[in-house]
file model-v5.txt (compact mmCIF, C-alpha atoms)
# COMPACT_ATOMS: atom_id res chain seq x y z
CA MET S 1 23.94 16.72 15.87
CA ALA S 2 25.21 17.68 19.32
CA LYS S 3 22.84 17.16 22.19
CA ILE S 4 21.65 20.05 24.29
CA ALA S 5 21.66 20.03 28.09
CA ILE S 6 18.34 21.07 29.62
CA LYS S 7 16.98 21.37 33.15
CA VAL S 8 13.26 21.18 33.62
CA LYS S 9 11.23 21.08 36.81
CA VAL S 10 8.65 18.35 36.30
CA ASN S 11 5.98 17.82 38.96
CA GLY S 12 8.17 19.69 41.44
CA VAL S 13 11.32 17.66 40.74
CA GLU S 14 14.33 19.14 38.93
CA ARG S 15 15.23 16.91 35.99
CA ALA S 16 18.36 17.30 33.89
CA ALA S 17 18.88 15.67 30.53
CA GLU S 18 20.75 15.90 27.29
CA VAL S 19 18.37 15.92 24.36
CA GLU S 20 18.31 16.29 20.61
CA SER S 21 16.91 19.65 19.56
CA ARG S 22 14.16 17.96 17.57
CA LEU S 23 12.88 15.94 20.54
CA LEU S 24 9.29 16.92 21.23
CA LEU S 25 8.31 17.68 24.80
CA VAL S 26 5.77 14.83 24.84
CA HIS S 27 8.48 12.31 23.91
CA PHE S 28 10.83 13.76 26.51
CA LEU S 29 8.16 13.22 29.17
CA ARG S 30 7.13 9.75 28.02
CA GLU S 31 10.43 8.25 26.92
CA ASN S 32 13.18 10.05 28.81
CA LEU S 33 11.28 10.50 32.07
CA ARG S 34 8.93 7.51 31.65
CA LEU S 35 5.95 9.66 32.57
CA THR S 36 3.54 7.84 30.30
CA GLY S 37 0.36 9.40 31.67
CA THR S 38 0.71 12.07 28.99
CA HIS S 39 -0.53 10.53 25.75
CA VAL S 40 0.21 10.93 22.08
CA GLY S 41 -3.12 10.93 20.27
CA CYS S 42 -3.26 12.55 16.86
CA ASP S 43 0.32 13.85 16.82
CA THR S 44 -0.93 16.77 14.69
CA SER S 45 -1.85 19.21 17.49
CA HIS S 46 -5.58 18.63 17.16
CA CYS S 47 -6.61 16.21 19.88
CA GLY S 48 -5.14 17.51 23.15
CA ALA S 49 -4.28 14.06 24.60
CA CYS S 50 -0.73 15.37 25.13
CA THR S 51 -1.82 18.42 27.16
CA VAL S 52 0.49 19.41 30.03
CA VAL S 53 0.76 22.60 32.04
CA LEU S 54 3.86 24.64 31.19
CA ASP S 55 4.49 27.59 33.52
CA GLY S 56 0.81 27.66 34.45
CA ARG S 57 -0.60 27.40 30.93
CA ALA S 58 -2.09 24.29 29.35
CA ILE S 59 -0.31 23.50 26.10
CA LYS S 60 -0.04 20.65 23.61
CA SER S 61 3.28 18.96 24.35
CA CYS S 62 3.40 17.39 20.88
CA SER S 63 3.85 20.88 19.44
CA VAL S 64 6.68 22.16 21.65
CA PHE S 65 10.32 21.08 21.61
CA ALA S 66 11.81 19.79 24.87
CA VAL S 67 14.61 22.37 24.58
CA GLN S 68 11.97 25.10 24.81
CA ALA S 69 11.10 23.89 28.30
CA ASP S 70 14.66 24.46 29.58
CA GLY S 71 14.51 26.34 32.89
CA ARG S 72 10.73 26.10 33.06
CA GLU S 73 8.15 24.19 35.11
CA ILE S 74 5.89 21.42 33.89
CA LEU S 75 2.97 19.75 35.57
CA THR S 76 1.77 16.43 34.15
CA VAL S 77 -1.09 14.19 35.22
CA GLU S 78 1.32 12.30 37.51
CA GLY S 79 1.77 15.49 39.53
CA LEU S 80 -1.91 16.15 40.28
CA GLU S 81 -2.34 13.73 43.19
CA LYS S 82 -0.83 14.97 46.46
CA ASP S 83 -0.13 12.75 49.50
CA GLY S 84 -2.40 10.01 48.25
CA LYS S 85 -5.31 12.38 47.67
CA LEU S 86 -6.74 13.07 44.27
CA HIS S 87 -6.88 16.64 43.04
CA ALA S 88 -10.43 18.01 42.81
CA ILE S 89 -10.41 17.70 39.02
CA GLN S 90 -9.46 14.02 39.27
CA ASP S 91 -12.10 13.46 41.92
CA GLY S 92 -14.61 15.15 39.61
CA PHE S 93 -13.88 12.68 36.80
CA PHE S 94 -14.19 9.80 39.30
CA GLN S 95 -17.45 11.01 40.85
CA GLU S 96 -19.16 12.01 37.61
CA HIS S 97 -17.87 9.14 35.45
CA GLY S 98 -16.05 11.61 33.20
CA LEU S 99 -14.25 8.94 31.17
CA GLN S 100 -14.80 5.73 29.35
CA CYS S 101 -11.69 4.52 27.52
CA GLY S 102 -9.49 7.03 29.36
CA PHE S 103 -7.24 7.96 26.49
CA CYS S 104 -8.12 11.68 26.46
CA THR S 105 -8.42 11.87 30.24
CA SER S 106 -4.97 13.06 31.23
CA GLY S 107 -5.22 15.88 28.70
CA MET S 108 -8.72 16.73 29.88
CA LEU S 109 -7.46 16.80 33.48
CA MET S 110 -4.55 19.11 32.71
CA THR S 111 -6.71 21.50 30.70
CA GLY S 112 -9.19 21.45 33.58
CA TYR S 113 -6.52 22.04 36.19
CA ALA S 114 -5.21 25.18 34.45
CA PHE S 115 -8.70 26.38 33.52
CA LEU S 116 -10.06 26.15 37.07
CA GLU S 117 -6.99 27.97 38.41
CA SER S 118 -8.13 31.02 36.45
CA ASN S 119 -11.91 30.50 36.64
CA SER S 120 -13.27 28.83 39.75
CA ASN S 121 -16.92 29.47 38.93
CA PRO S 122 -17.33 28.72 35.23
CA THR S 123 -20.55 28.51 33.27
CA GLU S 124 -21.26 25.41 31.20
CA ASP S 125 -20.53 27.48 28.09
CA GLU S 126 -17.13 28.52 29.43
CA ILE S 127 -16.29 24.91 30.24
CA ARG S 128 -17.26 23.74 26.77
CA HIS S 129 -15.09 26.42 25.23
CA ALA S 130 -12.20 25.54 27.55
CA ILE S 131 -12.23 21.89 26.44
CA SER S 132 -12.68 22.68 22.75
CA GLY S 133 -9.04 21.75 22.08
CA ASN S 134 -9.40 18.33 23.74
CA LEU S 135 -11.17 15.62 21.81
CA CYS S 136 -13.05 12.77 23.49
CA ARG S 137 -14.53 10.08 21.29
CA CYS S 138 -16.43 8.18 24.00
CA THR S 139 -18.38 10.36 26.38
CA GLY S 140 -20.12 12.97 24.28
CA TYR S 141 -18.53 15.39 26.77
CA VAL S 142 -21.60 15.49 29.03
CA ASN S 143 -19.93 13.85 32.01
CA ILE S 144 -16.68 15.71 31.40
CA VAL S 145 -18.57 18.98 31.77
CA LYS S 146 -20.15 17.59 34.96
CA ALA S 147 -16.72 16.58 36.22
CA TYR S 148 -15.41 20.10 35.73
CA GLN S 149 -18.46 21.49 37.53
CA TYR S 150 -17.95 19.06 40.41
CA ALA S 151 -14.29 20.05 40.67
CA ALA S 152 -15.07 23.76 40.51
CA ALA S 153 -17.60 23.43 43.33
CA LYS S 154 -15.17 21.40 45.41
CA LEU S 155 -12.37 23.94 44.90
CA ARG S 156 -14.72 26.79 45.83
CA GLU S 157 -15.94 25.03 48.98
CA GLY S 158 -12.75 24.23 50.79
CA GLY S 159 -9.99 25.39 48.53
CA GLU S 160 -9.23 21.71 49.12
CA GLN S 161 -6.81 20.28 46.58
CA MET I 1 6.17 12.19 13.72
CA ILE I 2 9.74 13.32 14.14
CA PRO I 3 11.05 16.51 12.55
CA ARG I 4 14.31 16.49 10.62
CA SER I 5 17.37 17.29 12.75
CA PHE I 6 18.22 20.94 13.09
CA GLU I 7 20.60 23.13 14.96
CA TYR I 8 18.92 25.08 17.76
CA PHE I 9 19.76 28.58 18.90
CA ALA I 10 18.13 30.44 21.79
CA PRO I 11 19.53 33.98 21.70
CA ARG I 12 19.07 36.20 24.75
CA THR I 13 19.02 39.56 22.98
CA LEU I 14 17.41 40.88 19.81
CA GLU I 15 20.83 41.93 18.49
CA GLU I 16 22.13 38.39 18.95
CA ALA I 17 19.06 36.98 17.17
CA ILE I 18 19.53 39.31 14.21
CA SER I 19 23.23 38.59 13.91
CA LEU I 20 22.45 34.84 13.96
CA LEU I 21 19.88 35.35 11.20
CA GLY I 22 22.50 37.21 9.18
CA GLU I 23 25.07 34.44 9.66
CA LEU I 24 22.78 31.48 9.01
CA GLY I 25 20.98 33.00 6.06
CA GLN I 26 17.76 32.09 4.33
CA GLU I 27 17.57 28.59 5.71
CA ALA I 28 17.13 29.69 9.31
CA LYS I 29 13.59 29.86 10.67
CA ILE I 30 12.37 31.94 13.59
CA LEU I 31 10.47 30.00 16.27
CA SER I 32 7.99 32.05 18.30
CA GLY I 33 4.74 30.27 19.20
CA GLY I 34 5.63 27.47 16.81
CA GLN I 35 2.03 26.34 16.39
CA SER I 36 2.28 26.44 12.60
CA LEU I 37 6.01 25.84 12.25
CA ILE I 38 6.36 22.78 14.51
CA PRO I 39 3.42 20.87 12.97
CA MET I 40 4.88 21.66 9.52
CA MET I 41 8.28 20.39 10.66
CA LYS I 42 6.69 17.21 11.99
CA LEU I 43 5.05 16.62 8.62
CA ARG I 44 8.41 17.55 7.03
CA LEU I 45 6.69 20.19 4.96
CA ALA I 46 9.33 22.40 6.55
CA THR I 47 12.85 21.09 7.15
CA PRO I 48 14.86 24.11 8.31
CA PRO I 49 18.44 23.23 9.25
CA TYR I 50 18.55 26.08 11.78
CA ILE I 51 15.95 27.20 14.31
CA ILE I 52 16.30 30.51 16.11
CA ASP I 53 14.01 30.41 19.13
CA ILE I 54 13.08 34.00 20.06
CA ASN I 55 11.08 33.00 23.14
CA ARG I 56 13.92 33.98 25.45
CA LEU I 57 14.26 37.52 24.13
CA PRO I 58 13.29 40.10 26.75
CA ASP I 59 10.60 42.80 26.51
CA LEU I 60 8.70 41.45 23.52
CA ASN I 61 5.57 40.26 25.30
CA TYR I 62 3.28 43.27 25.35
CA ILE I 63 -0.10 44.48 24.14
CA SER I 64 -0.30 48.16 25.01
CA GLU I 65 -1.32 51.57 23.77
CA LEU I 66 1.45 54.11 23.40
CA ASN I 67 1.68 57.38 21.44
CA GLY I 68 -1.42 56.88 19.36
CA PHE I 69 -0.85 53.22 18.52
CA LEU I 70 -1.76 49.83 19.90
CA ARG I 71 1.51 47.91 19.95
CA ILE I 72 1.62 44.12 19.90
CA GLY I 73 5.00 42.58 20.67
CA ALA I 74 6.42 39.52 18.92
CA LEU I 75 5.86 37.30 21.96
CA ALA I 76 2.30 38.33 22.85
CA ARG I 77 0.33 35.08 22.88
CA GLU I 78 -3.16 34.78 21.44
CA SER I 79 -4.48 33.95 24.91
CA ASP I 80 -2.96 37.20 26.23
CA PHE I 81 -5.46 39.07 24.04
CA GLU I 82 -8.34 37.23 25.71
CA VAL I 83 -7.40 38.57 29.15
CA SER I 84 -6.10 42.00 28.11
CA PRO I 85 -8.28 44.80 29.57
CA THR I 86 -7.24 47.03 26.63
CA ILE I 87 -8.39 44.49 24.05
CA LYS I 88 -11.56 43.62 25.98
CA SER I 89 -12.69 47.20 26.35
CA ARG I 90 -11.47 48.88 23.15
CA TYR I 91 -10.76 46.35 20.40
CA PRO I 92 -13.70 43.98 19.98
CA ILE I 93 -12.48 43.16 16.45
CA LEU I 94 -9.25 41.74 17.92
CA MET I 95 -11.22 39.77 20.50
CA ASP I 96 -13.46 38.39 17.70
CA THR I 97 -10.32 37.33 15.86
CA THR I 98 -8.37 35.76 18.69
CA VAL I 99 -11.15 33.55 19.98
CA VAL I 100 -11.75 31.86 16.62
CA ILE I 101 -8.10 30.92 16.11
CA ALA I 102 -7.30 27.23 16.57
CA ASP I 103 -8.25 26.19 20.13
CA PRO I 104 -7.48 27.45 23.67
CA LEU I 105 -4.40 25.23 24.08
CA VAL I 106 -2.86 26.32 20.81
CA ARG I 107 -3.68 29.95 21.69
CA ASN I 108 -1.64 29.60 24.88
CA GLN I 109 1.47 29.24 22.70
CA ALA I 110 0.62 30.91 19.39
CA THR I 111 1.48 34.55 18.75
CA ALA I 112 -0.31 37.22 16.70
CA CYS I 113 2.98 38.34 15.15
CA GLY I 114 3.70 34.77 14.07
CA ASN I 115 0.20 34.59 12.63
CA LEU I 116 1.23 37.40 10.25
CA ALA I 117 4.85 36.38 9.63
CA HIS I 118 3.75 32.90 8.51
CA GLY I 119 2.07 34.53 5.50
CA ASP I 120 -0.73 31.97 5.37
CA PRO I 121 -3.87 33.37 3.68
CA ALA I 122 -5.90 31.05 5.92
CA ASN I 123 -4.69 32.77 9.10
CA ASP I 124 -7.07 35.17 10.79
CA HIS I 125 -5.04 38.15 12.03
CA PRO I 126 -3.98 39.24 8.52
CA ALA I 127 -7.52 40.20 7.48
CA THR I 128 -8.09 41.99 10.77
CA MET I 129 -4.82 43.91 10.51
CA LEU I 130 -5.68 44.85 6.91
CA ALA I 131 -9.00 46.23 8.16
CA LEU I 132 -7.34 48.11 11.01
CA GLY I 133 -4.68 49.64 8.75
CA ALA I 134 -1.84 48.24 10.85
CA SER I 135 1.84 48.29 10.04
CA ILE I 136 4.68 45.91 10.75
CA ILE I 137 7.86 46.83 12.57
CA ALA I 138 10.66 44.67 11.17
CA VAL I 139 14.15 44.67 12.68
CA GLY I 140 17.24 43.76 10.72
CA PRO I 141 20.97 44.43 10.74
CA SER I 142 20.47 48.03 9.66
CA GLY I 143 17.80 48.76 12.28
CA GLU I 144 14.03 49.03 12.23
CA ARG I 145 11.73 49.69 9.32
CA GLU I 146 7.98 50.01 9.10
CA ILE I 147 6.02 48.04 6.50
CA PRO I 148 2.40 48.99 5.76
CA ILE I 149 0.24 45.89 6.11
CA GLU I 150 -1.17 46.23 2.59
CA SER I 151 2.29 45.61 1.14
CA PHE I 152 3.28 42.91 3.65
CA PHE I 153 1.67 39.80 2.13
CA THR I 154 3.46 39.32 -1.17
CA SER I 155 2.42 35.79 -2.19
CA LEU I 156 1.47 32.42 -0.74
CA PHE I 157 3.41 31.92 2.53
CA THR I 158 5.60 34.85 1.55
CA THR I 159 5.85 38.25 3.18
CA ALA I 160 7.87 41.43 2.69
CA LEU I 161 10.16 40.42 5.57
CA LYS I 162 13.74 40.01 4.37
CA PRO I 163 15.61 36.82 5.32
CA ASP I 164 17.62 38.73 7.94
CA GLU I 165 14.63 40.50 9.50
CA ILE I 166 12.47 39.67 12.51
CA LEU I 167 8.90 40.81 12.90
CA LYS I 168 9.20 42.70 16.18
CA GLU I 169 5.87 44.43 16.53
CA ILE I 170 2.45 45.04 15.02
CA LYS I 171 1.45 48.69 15.23
CA VAL I 172 -2.26 49.53 15.00
CA PRO I 173 -3.47 53.14 14.86
CA ILE I 174 -5.81 53.68 17.83
CA PRO I 175 -9.29 53.99 16.30
CA THR I 176 -10.82 57.44 16.61
CA PRO I 177 -14.23 57.95 18.28
CA MET I 178 -17.22 56.63 16.29
CA SER I 179 -15.17 53.69 15.07
CA GLY I 180 -16.23 50.07 15.16
CA GLY I 181 -14.98 46.79 13.86
CA ALA I 182 -15.80 43.11 13.70
CA TYR I 183 -14.30 39.84 12.46
CA LEU I 184 -16.53 36.98 11.42
CA LYS I 185 -15.36 33.56 10.32
CA ILE I 186 -17.14 30.47 9.13
CA LYS I 187 -15.30 27.25 9.94
CA ARG I 188 -16.38 23.65 10.03
CA LYS I 189 -15.22 23.00 13.59
CA VAL I 190 -12.95 24.34 16.34
CA GLY I 191 -9.36 24.26 15.16
CA ASP I 192 -10.22 24.47 11.48
CA TYR I 193 -9.08 27.19 9.13
CA ALA I 194 -11.70 29.57 7.79
CA THR I 195 -13.93 28.46 4.96
CA ALA I 196 -14.09 32.23 4.63
CA GLY I 197 -13.59 35.15 7.02
CA VAL I 198 -14.26 38.88 6.84
CA ALA I 199 -12.81 41.70 8.93
CA VAL I 200 -14.40 45.15 8.87
CA GLN I 201 -13.29 48.36 10.56
CA ILE I 202 -15.24 51.58 9.94
CA THR I 203 -15.26 55.14 11.26
CA LEU I 204 -18.29 57.41 11.04
CA ASN I 205 -18.41 61.19 11.11
CA GLY I 206 -20.86 63.17 13.28
CA ALA I 207 -23.59 62.83 10.67
CA GLY I 208 -23.24 59.04 10.63
CA VAL I 209 -21.50 58.96 7.25
CA CYS I 210 -18.66 56.47 6.80
CA HIS I 211 -15.37 58.30 6.31
CA ARG I 212 -12.92 55.44 6.83
CA ALA I 213 -13.40 51.79 5.92
CA GLY I 214 -11.01 48.86 6.08
CA ILE I 215 -11.99 45.39 4.92
CA GLY I 216 -9.86 42.25 4.92
CA LEU I 217 -10.75 38.79 3.63
CA THR I 218 -9.46 35.46 4.99
CA ASN I 219 -8.74 32.31 2.94
CA VAL I 220 -10.37 33.40 -0.29
CA GLY I 221 -7.18 34.07 -2.25
CA PHE I 222 -3.50 33.20 -2.42
CA THR I 223 -2.79 36.01 0.04
CA PRO I 224 -4.96 37.70 2.64
CA LEU I 225 -7.00 40.18 0.59
CA LYS I 226 -7.75 43.85 1.15
CA ALA I 227 -11.17 44.57 -0.37
CA LYS I 228 -10.22 47.94 -1.80
CA GLU I 229 -13.22 48.50 -4.07
CA THR I 230 -15.57 47.82 -1.18
CA GLU I 231 -13.66 50.22 1.05
CA THR I 232 -13.79 52.96 -1.60
CA PHE I 233 -17.50 52.37 -2.18
CA LEU I 234 -18.33 52.72 1.53
CA ILE I 235 -16.59 56.06 2.04
CA GLY I 236 -19.07 58.92 1.86
CA HIS I 237 -22.06 56.66 2.33
CA THR I 238 -24.47 56.29 5.21
CA LEU I 239 -24.50 52.62 6.11
CA ASP I 240 -28.14 51.88 5.44
CA GLU I 241 -29.53 48.55 4.29
CA ALA I 242 -29.09 49.24 0.58
CA THR I 243 -25.47 50.41 1.02
CA ILE I 244 -24.53 47.39 3.12
CA LYS I 245 -26.18 45.04 0.62
CA ARG I 246 -24.24 46.62 -2.26
CA ALA I 247 -20.95 46.65 -0.30
CA ALA I 248 -21.39 42.95 0.46
CA GLU I 249 -21.86 42.19 -3.24
CA ILE I 250 -18.74 44.17 -4.15
CA ALA I 251 -16.71 42.33 -1.50
CA ALA I 252 -17.92 38.98 -2.85
CA GLY I 253 -16.68 40.09 -6.27
CA GLU I 254 -13.28 40.93 -4.84
CA ALA I 255 -12.81 37.49 -3.29
CA GLN I 256 -10.72 35.00 -5.31
CA PRO I 257 -11.69 31.66 -3.78
CA ILE I 258 -10.95 28.24 -5.23
CA ASP I 259 -12.80 24.94 -4.88
CA ASP I 260 -11.40 22.77 -2.09
CA ILE I 261 -12.48 20.44 0.71
CA ARG I 262 -14.10 23.38 2.54
CA GLY I 263 -16.46 24.16 -0.31
CA SER I 264 -16.85 25.37 -3.86
CA ALA I 265 -15.55 28.74 -4.99
CA GLU I 266 -19.15 29.83 -5.56
CA TYR I 267 -20.15 28.89 -2.00
CA LYS I 268 -17.17 30.71 -0.49
CA ARG I 269 -17.86 33.79 -2.56
CA ASP I 270 -21.39 33.83 -1.22
CA LEU I 271 -20.05 33.40 2.32
CA VAL I 272 -17.97 36.54 1.80
CA ARG I 273 -21.13 38.37 0.76
CA VAL I 274 -23.07 37.23 3.82
CA LEU I 275 -20.21 37.76 6.28
CA THR I 276 -19.42 41.23 4.93
CA ALA I 277 -22.99 42.33 5.49
CA ARG I 278 -23.10 40.84 8.98
CA ALA I 279 -19.74 42.32 9.91
CA LEU I 280 -20.78 45.75 8.64
CA TYR I 281 -23.95 45.69 10.75
CA LEU I 282 -21.96 44.62 13.79
CA ALA I 283 -19.22 47.21 13.20
CA LEU I 284 -21.85 49.91 12.70
CA ASN I 285 -23.52 49.01 15.95
CA ARG I 286 -20.19 49.05 17.76
CA ALA I 287 -19.25 52.41 16.20
CA LYS I 288 -22.43 53.78 17.73
CA GLY I 289 -21.44 52.49 21.14
CA GLY I 290 -23.19 49.12 21.12
CA ALA I 291 -21.57 45.79 21.88

call {"tool": "encode", "arguments": {"input": "model-v5.txt", "output": "structure tokens"}}
result
Amino acid sequence: MAKIAIKVKVNGVERAAEVESRLLLVHFLRENLRLTGTHVGCDTSHCGACTVVLDGRAIKSCSVFAVQADGREILTVEGLEKDGKLHAIQDGFFQEHGLQCGFCTSGMLMTGYAFLESNSNPTEDEIRHAISGNLCRCTGYVNIVKAYQYAAAKLREGGEQ
Amino acid sequence: MIPRSFEYFAPRTLEEAISLLGELGQEAKILSGGQSLIPMMKLRLATPPYIIDINRLPDLNYISELNGFLRIGALARESDFEVSPTIKSRYPILMDTTVVIADPLVRNQATACGNLAHGDPANDHPATMLALGASIIAVGPSGEREIPIESFFTSLFTTALKPDEILKEIKVPIPTPMSGGAYLKIKRKVGDYATAGVAVQITLNGAGVCHRAGIGLTNVGFTPLKAKETETFLIGHTLDEATIKRAAEIAAGEAQPIDDIRGSAEYKRDLVRVLTARALYLALNRAKGGA
């Protein structure tokens, strides 16, 4: 089957590639671009480990074809840190010990990034609903919720990224 | 999991999409949100040789009221409902429905039109659209046609859409004053299909008597079910405790559940009874102006 030429802006950088139509976005990111921070967990669109932000919305990259991202913008976990400084959501996970094994973390961060863009002062209930598509098997979610709250407060304070 | 190879088309106009569908025939599948289709392709439960991605068609992402109808375009995402001022203020039944579908990440991609076109009795919008008395706008080579929702779901994973038609829009009559609706679903966890779900939409007259009732049932039959006997029973009645209790029993009788991992048929039938009563109370309260 003929390959399809796509151009995708990933973490601010224009990337061009020729891909098979059946290539999933998560495999394009991990294998073609070697951005392995985005994980494959369940591979059945349940766990959210593959979450990336596509044109501002958090989505499961195991359930989107790479060709669908042609001409669009993607943010992955590798794009959160700017000039050696962690994004507030990353800092939140660091400060509040929001991870143990770390496997779900990049997905949790990307969901959190998009969520806090639209809601900078969330209630605990809103946070728990926001992360309901991301599974964590270690933490019991308590410190993840705290990490989101820490990040929200930090973003509100200085607008500091 | 890797889907089988397929040929990918991303038409830029509706006309182009329809002509592609005509050329490629029955084996072509439409990709909108893809949140059912792509997982099925990964499991190779679906192996379409042709995919027509409609995400690049213009002017199909809308949720808006026009000329007496709420119109939902083919590319309106589930998460668009959650932030729509129209839905928030005037269609609590649609808000109830959207927020119990899959999870927030899936809802960022998934579409309400796809939720119907998939023809899965476990999906949530079908019951709600049955309750609301919606219709489907399908577009094919000979133009548009309107399909009443009650004749849309023909059998398991099968709808009245012809192989060369695209579901372009869901059209919902704007509820008249003194109307209220609700959708309630029991599921085991976020992301699960309904063990059972019930959608109710009622309209009262000035004396508080029910003069329109729509009831749809989720995942208790081989298609989404319209609880016609329950609807007929409700019309002309004041929705007091005895009426609601009786209506709930009739609805339970109309359900056609089977035993599966989510529970026994008997359990699901009883869920329909309980959910119908709860949804009727909630719809009644909303019809009277409550939340």

call {"tool": "closest_residue", "arguments": {"input": "model-v5.txt", "among": "S:Thr139, S:Ser132, S:Gln100, S:Asn121", "to": "Ala153 of chain S", "atoms": "all atoms listed in the file"}}
result
S:Asn121

call {"tool": "interface_residues", "arguments": {"input": "model-v5.txt", "of": "chain S", "to": "chain I", "cutoff": "8 Å", "atoms": "only C-alpha atoms", "output": "number ranges by chain"}}
result
S: 1, 20-24, 43-46, 48, 51, 57-60, 63-64, 111, 129-133

call {"tool": "residues_around", "arguments": {"input": "model-v5.txt", "residues": "segment 33-38 of chain S", "least_positions_apart": "2", "cutoff": "12 Å", "atoms": "all atoms listed in the file", "output": "PyMOL selection string"}}
result
chain S and resi 8-11+13-19+25-31+40-41+48-53+59-62+66+74-80+102-110

call {"tool": "axis_aligned_box", "arguments": {"input": "model-v5.txt", "around": "segment 67-85 of chain S", "padding_each_side": "5 Å", "output": "lines of an AutoDock Vina configuration file"}}
result
center_x = 4.7
center_y = 18.2
center_z = 37.0
size_x = 30.0
size_y = 26.3
size_z = 34.9

call {"tool": "residues_around", "arguments": {"input": "model-v5.txt", "residues": "Val145 of chain S", "least_positions_apart": "4", "cutoff": "12 Å", "atoms": "all atoms listed in the file", "output": "ChimeraX atom specification"}}
result
/S:89,92-93,96-99,108-109,112,122-132,136,139-141,149-152

call {"tool": "atom_distance", "arguments": {"input": "model-v5.txt", "atom1": "atom CA of Cys210 of chain I", "atom2": "atom CA of His125 of chain I"}}
result
23.4 Å

call {"tool": "residues_near_point", "arguments": {"input": "model-v5.txt", "point": "(15.3, 31.4, 5.0)", "cutoff": "9 Å", "atoms": "all atoms listed in the file", "output": "list of chain:residue names"}}
result
I:Leu21, I:Leu24, I:Gly25, I:Gln26, I:Glu27, I:Ala28, I:Lys29, I:Pro48, I:Lys162, I:Pro163, I:Asp164

call {"tool": "residues_around", "arguments": {"input": "model-v5.txt", "residues": "segment 136-139 of chain I", "least_positions_apart": "5", "cutoff": "9 Å", "atoms": "all atoms listed in the file", "output": "list of chain:residue names"}}
result
I:Leu14, I:Ile18, I:Cys113, I:Glu144, I:Arg145, I:Glu146, I:Ile147, I:Pro148, I:Ile149, I:Phe152, I:Leu161, I:Lys162, I:Asp164, I:Glu165, I:Ile166, I:Leu167, I:Lys168, I:Glu169, I:Ile170, I:Lys171, I:Val172

call {"tool": "write_last_selection", "arguments": {"input": "model-v5.txt", "atoms": "C-alpha atoms", "output": "CSV table (one decimal), in the frame of the given file"}}
result
chain,number,residue,atom,x,y,z
I,14,LEU,CA,17.4,40.9,19.8
I,18,ILE,CA,19.5,39.3,14.2
I,113,CYS,CA,3.0,38.3,15.2
I,144,GLU,CA,14.0,49.0,12.2
I,145,ARG,CA,11.7,49.7,9.3
I,146,GLU,CA,8.0,50.0,9.1
I,147,ILE,CA,6.0,48.0,6.5
I,148,PRO,CA,2.4,49.0,5.8
I,149,ILE,CA,0.2,45.9,6.1
I,152,PHE,CA,3.3,42.9,3.6
I,161,LEU,CA,10.2,40.4,5.6
I,162,LYS,CA,13.7,40.0,4.4
I,164,ASP,CA,17.6,38.7,7.9
I,165,GLU,CA,14.6,40.5,9.5
I,166,ILE,CA,12.5,39.7,12.5
I,167,LEU,CA,8.9,40.8,12.9
I,168,LYS,CA,9.2,42.7,16.2
I,169,GLU,CA,5.9,44.4,16.5
I,170,ILE,CA,2.4,45.0,15.0
I,171,LYS,CA,1.4,48.7,15.2
I,172,VAL,CA,-2.3,49.5,15.0

call {"tool": "atom_distance", "arguments": {"input": "model-v5.txt", "atom1": "atom CA of Ala69 of chain S", "atom2": "atom CA of Tyr148 of chain S"}}
result
27.8 Å

call {"tool": "atom_distance", "arguments": {"input": "model-v5.txt", "atom1": "atom CA of Gln68 of chain S", "atom2": "atom CA of Glu78 of chain I"}}
result
18.3 Å

call {"tool": "closest_residue", "arguments": {"input": "model-v5.txt", "among": "S:Phe115, S:Cys138, S:Gln95, S:Ile4", "to": "Phe65 of chain S", "atoms": "all atoms listed in the file"}}
result
S:Ile4

call {"tool": "residues_around", "arguments": {"input": "model-v5.txt", "residues": "Asp259 of chain I", "least_positions_apart": "5", "cutoff": "10 Å", "atoms": "only C-alpha atoms", "output": "PDB file with C-alpha atoms, in the coordinates of the input"}}
result
ATOM      1  CA  VAL I 220     -10.370  33.400  -0.290  1.00  0.00           C
ATOM      2  CA  SER I 264     -16.850  25.370  -3.860  1.00  0.00           C
ATOM      3  CA  ALA I 265     -15.550  28.740  -4.990  1.00  0.00           C
ATOM      4  CA  GLU I 266     -19.150  29.830  -5.560  1.00  0.00           C
ATOM      5  CA  TYR I 267     -20.150  28.890  -2.000  1.00  0.00           C
ATOM      6  CA  LYS I 268     -17.170  30.710  -0.490  1.00  0.00           C
TER       7      LYS I 268
END

call {"tool": "closest_residue", "arguments": {"input": "model-v5.txt", "among": "S:Cys42, S:Val67, S:Leu116, S:Leu155", "to": "Ala88 of chain S", "atoms": "all atoms listed in the file"}}
result
S:Leu155

call {"tool": "residues_around", "arguments": {"input": "model-v5.txt", "residues": "segment 224-231 of chain I", "least_positions_apart": "6", "cutoff": "7 Å", "atoms": "all atoms listed in the file", "output": "NGL selection string"}}
result
:I and (121 or 126-127 or 130 or 153 or 213-218 or 247 or 250-251 or 254)
